[in-house]
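The structure under discussion appears below in the form of structure tokens.
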Amino acid sequence: MASPCEILIQTKSKEIAHKIIMLTQTEAQRIELKYSRFLSDNIIYEINHANGKEVKIDQETYKLLHYAQTCYQLSEGLFDITSGILKSIWNFNDITSIPSKKTIQQALKNVGWNKVRLNKDTVTLPAKMQLDLGGIGKEYAVDSTVALIKKAFPKIASLINYGGDLCTTIEPNVTWNVGIDGMKNKAIQLKHGALATSGKTKQFFIHNNKRYSHIINPKTGWPIHGSPLSITVLAENTTQAGMLATFAQLQGENYKIFLNSQNVDYWINTN
Amino acid sequence: MLSISACSQVTVKPWQKGILARGDMALDSDAQDLSIDDHIYFSKESSSGGRGFAGGGCGCN
Amino acid sequence: MMNNNNLNKLLALASCSLIGTSVSASSVKAEEWDVKNALLLYSENDDRVQALETVTNLSKEITEDNNITITLTTDVLTGASPNGASPSNIIQTFTSPSGGSTFLTQPGQTPLDDAFKDLRLAISSNWNRTINRVVSTNIGLAISHETDYDSLGINTQMVFNTHQKNTTWQIGASFSKDESKPLGGIPIPLLFVFPPNNQLSKMGFELSDSESKTTFDINIGVTQVLGKNTIGQIGLSYSDVDGYQTDPYKILSFIDKNTGSTLFYINENRPDKRKKKGLFATIKHHSSNGHIVNPSFRYYTDDWGIDSFTFDIKYRINLSEKNFIEPKFRYYDQSAADFYFHSLSDIDGLEIASSDYRLAEFNATTVGFKVGHKMSNQSVFEARVEYYSQHGNDHPSDAIGIQQGLDLFAEVNAVIVQFNYNFTW
């Protein structure tokens with residue numbers, strides 16, 4: 001989670017603020033250490049290097065993977081946490097290079113949640129497949145932290161913001177003023193709920209005069225075309241907001257139709 | 001030499017107070033030590049007070 | 001299927017069950033006690049005062065706006081303390097205050113009374129309340145008890161924040177009443193020390209067991225943010241003491257005005273009124289290399305004729321997130337009280353006099369350092385070592401006869417060692 005983490009707390013007490021900060025730090029670090037795919041001694045590493053063998057998982061990991069599974073089903077396969085490896089076949093630094101059809105076909109062989117077997121206390125990944133929780137990890141961390149704060153400090157209004165994905169605890173006395181990157185004069189008055197933004201990295205490339213975002217369609221192996229630079233969605237919690245934004249991005253040109261059909265507040269940055 | 005009026009024009013915004021919020025930047029960060037020092041020097045010297053602490057008196061001799 | 005608005009509902013359900021009860025929380029208590037423990041070891045030169053002190057401070061947020069603090073202090077003192085008599089060229093014999101034991105002082109030595117053991121217990125508590133964004137208040141109580149001395153005090157303070165908390169004003173007042181109940185009773189001022197007090201009552205003198213004094217303090221200060229890395233404070237204080245301020249165990253030597261030999265001893269006597277004024281200033285600055293420098297100044301003056309200047313400076317070097325070392329230096333300089341005499345050669349018309357070395361003219365320096373180690377997010381261990389030494393006028397110009405070869409200022413040196421262990425419970 002190499003993004004800036006910010007906590008806003010409405011309190012007059014330095015001690016309470018300090019404790020909330022400590023709590024947030026501890027929880028954020030715990031989740032990062034547990035689910036980061038850049039570390040070599042956590043459950044994700046174990047799962048990704050099990051070479052087809054069954055791996056024992058705890059309740060929290062099961063819930064996360066089960067959630068990813070639900071999203072895979074709801075998105076009809078467009079959201080797939082096994083599709084991370086597709087990023088490596090596309091070179092976003094050189095926007096003129098395109099992988100060959102053969103390369104894409106080869107890569108797709110190791111993609112597809114339908115190939116994963118998930119049980120209440122175990123998960124089995126075929127060899128060469130990889131799980132990447134990048135699409136849900138950060139949002140989950142925000143929600144988990146918020147839940148802890150609500151339990152320990154039920155009367156304190158605070159806002160947890162991990163790199164632009166944010167959520168409130170209880171309704172504050174002074175409404176939170178949230179700005180959106182790229183939208184200078186627009187600020188959201190947030191009293192309650194979560195905001196998540198999809199598409200924040202400004203990577204893209206152009207092919208045949210079409211602009212493609214960095215999000216790759218796990219079914220075709222190709223980047224999505226036609227989606228805006230970023231989509232921000234307001235929802236009850238960060239996980240849901242983040243998923244809606246991601247789903248919208250995955251719709252490509254049809255993102256607006258999708259968002260409108262879901263009856264949610266959203267903001268688009270097309271610059 | 002700063003004058004008081006110049007001081008009151010310095011406004012550091014809340015989000016700029018990262019350094020000032022550090023525990024070791026609080027003026028009473030070593031309150032326990034300062035209190036113990038006050039007691040020692042009160043017993044060995046003739047001056048007292050200064051920082052505005054109020055503590056229990058003693059018949060220090 | 002995706003453009004079905006059921007999707008959002010299903011997603012909401014899914015996300016709620018993800019976060020819901022699965023949160024693997026490390027247990028967190030919102031209301032915790034902050035505990036600070038200090039152990040102080042104090043040791044003076046030449047078998048003089050040795051002290052051991054423990055201080056435990058407990059602090060807790062009762063609600064977001066209310067914080068209470070309780071401090072418990074115990075003090076054990078042993079060792080010898082100067083009784084005020086002057087060194088002489090012969091052996092001197094003294095009776096300790098209770099009239100019990102006697103002790104001898106060798107020629108040339110500073111007379112030290114070593115029947116000086118004390119145990120002190122003190123408890124104080126404080127309630128801090130935040131009224132609103134601008135105002136907060138404080139009220140406290142302090143009680144101290146020793147075998148021969150009791151103190152009871154209350155204090156209150158109001159704090160005002162302005163300019164987005166860049167400026168803080170504080171105003172405080174305190175009142176205390178102290179009672180001195182010395183072993184052997186209250187000595188009669190300026191009277192011959194010999195005979196012991198228990199014979200005096202047979203001679204028709206009226207003696208009281210105890211005497212008291214009251215102290216009223218008021219202080220006002222302002223703390224000002226001077227920049228992103230600097231904060232400063234200035235304060236003024238005023239104190240009014242009324243009542244018994246004499247040290248019941250201290251005496252003065254009456255010497256022969258020609259030879260300087262000691263003829264007899266008399267009890268000391270100090271004024272029963274004292275007004276003190278102080279001006280204090282401090283700055284804390286965090287430099288770009290991560291170190292913190294903190295100088296302080298204090299000017300003090302009172303109507304006993306004592307003026308003093310104190311300068312101290314601490315320099316904190318943060319070696320890492322967890323460790324620091326902080327050297328410290330203090331310089332102190334005071335003038336003598338109007339009624340201080342190293343010894344007396346004339347008592348005609350004398351009403352107040354004391355030979356307590358602490359009222360004399362002297363300067364003192366303290367050098368030392370402190371180290372700290374953060375053991376965890378919840379606990380810190382610190383240790384400090386300091387060396388304190390006083391320098392007074394050992395050979396005043398008005399020394400007479402045999403006194404000229406003697407050291408007439410009973411200056412003290414002390415080693416101070418303190419350990420702190422602070423944690424959240």
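In the structure tokens, chains take the letters A, B, ... in the order shown, each chain's residues start at 1, and ligands count up from 1 in the order shown.
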- Counting only C-alpha atoms, which residues from chain A have an atom at most 12 Å from any atom of chain B, and could you show them as number ranges by chain? A: 6-8, 14-15, 17-18
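Rounded to one decimal, CA of Pro126 in chain A and CA of Ser40 in chain A lie 19.0 Å from each other.
Among the candidate residues A:Gly199, A:Pro172, A:Gly112, A:Gly137, the one lying nearest to chain C is A:Gly137, with distances computed using only C-alpha atoms.
The list of residues with at least one atom within 8 Å of Leu244 in chain A, based on only C-alpha atoms and without residues fewer than 3 positions apart in the same chain, reads Val233, Gln240, Ala241, Phe247, Ala248 and Leu259 of chain A; Asn8 of chain C.
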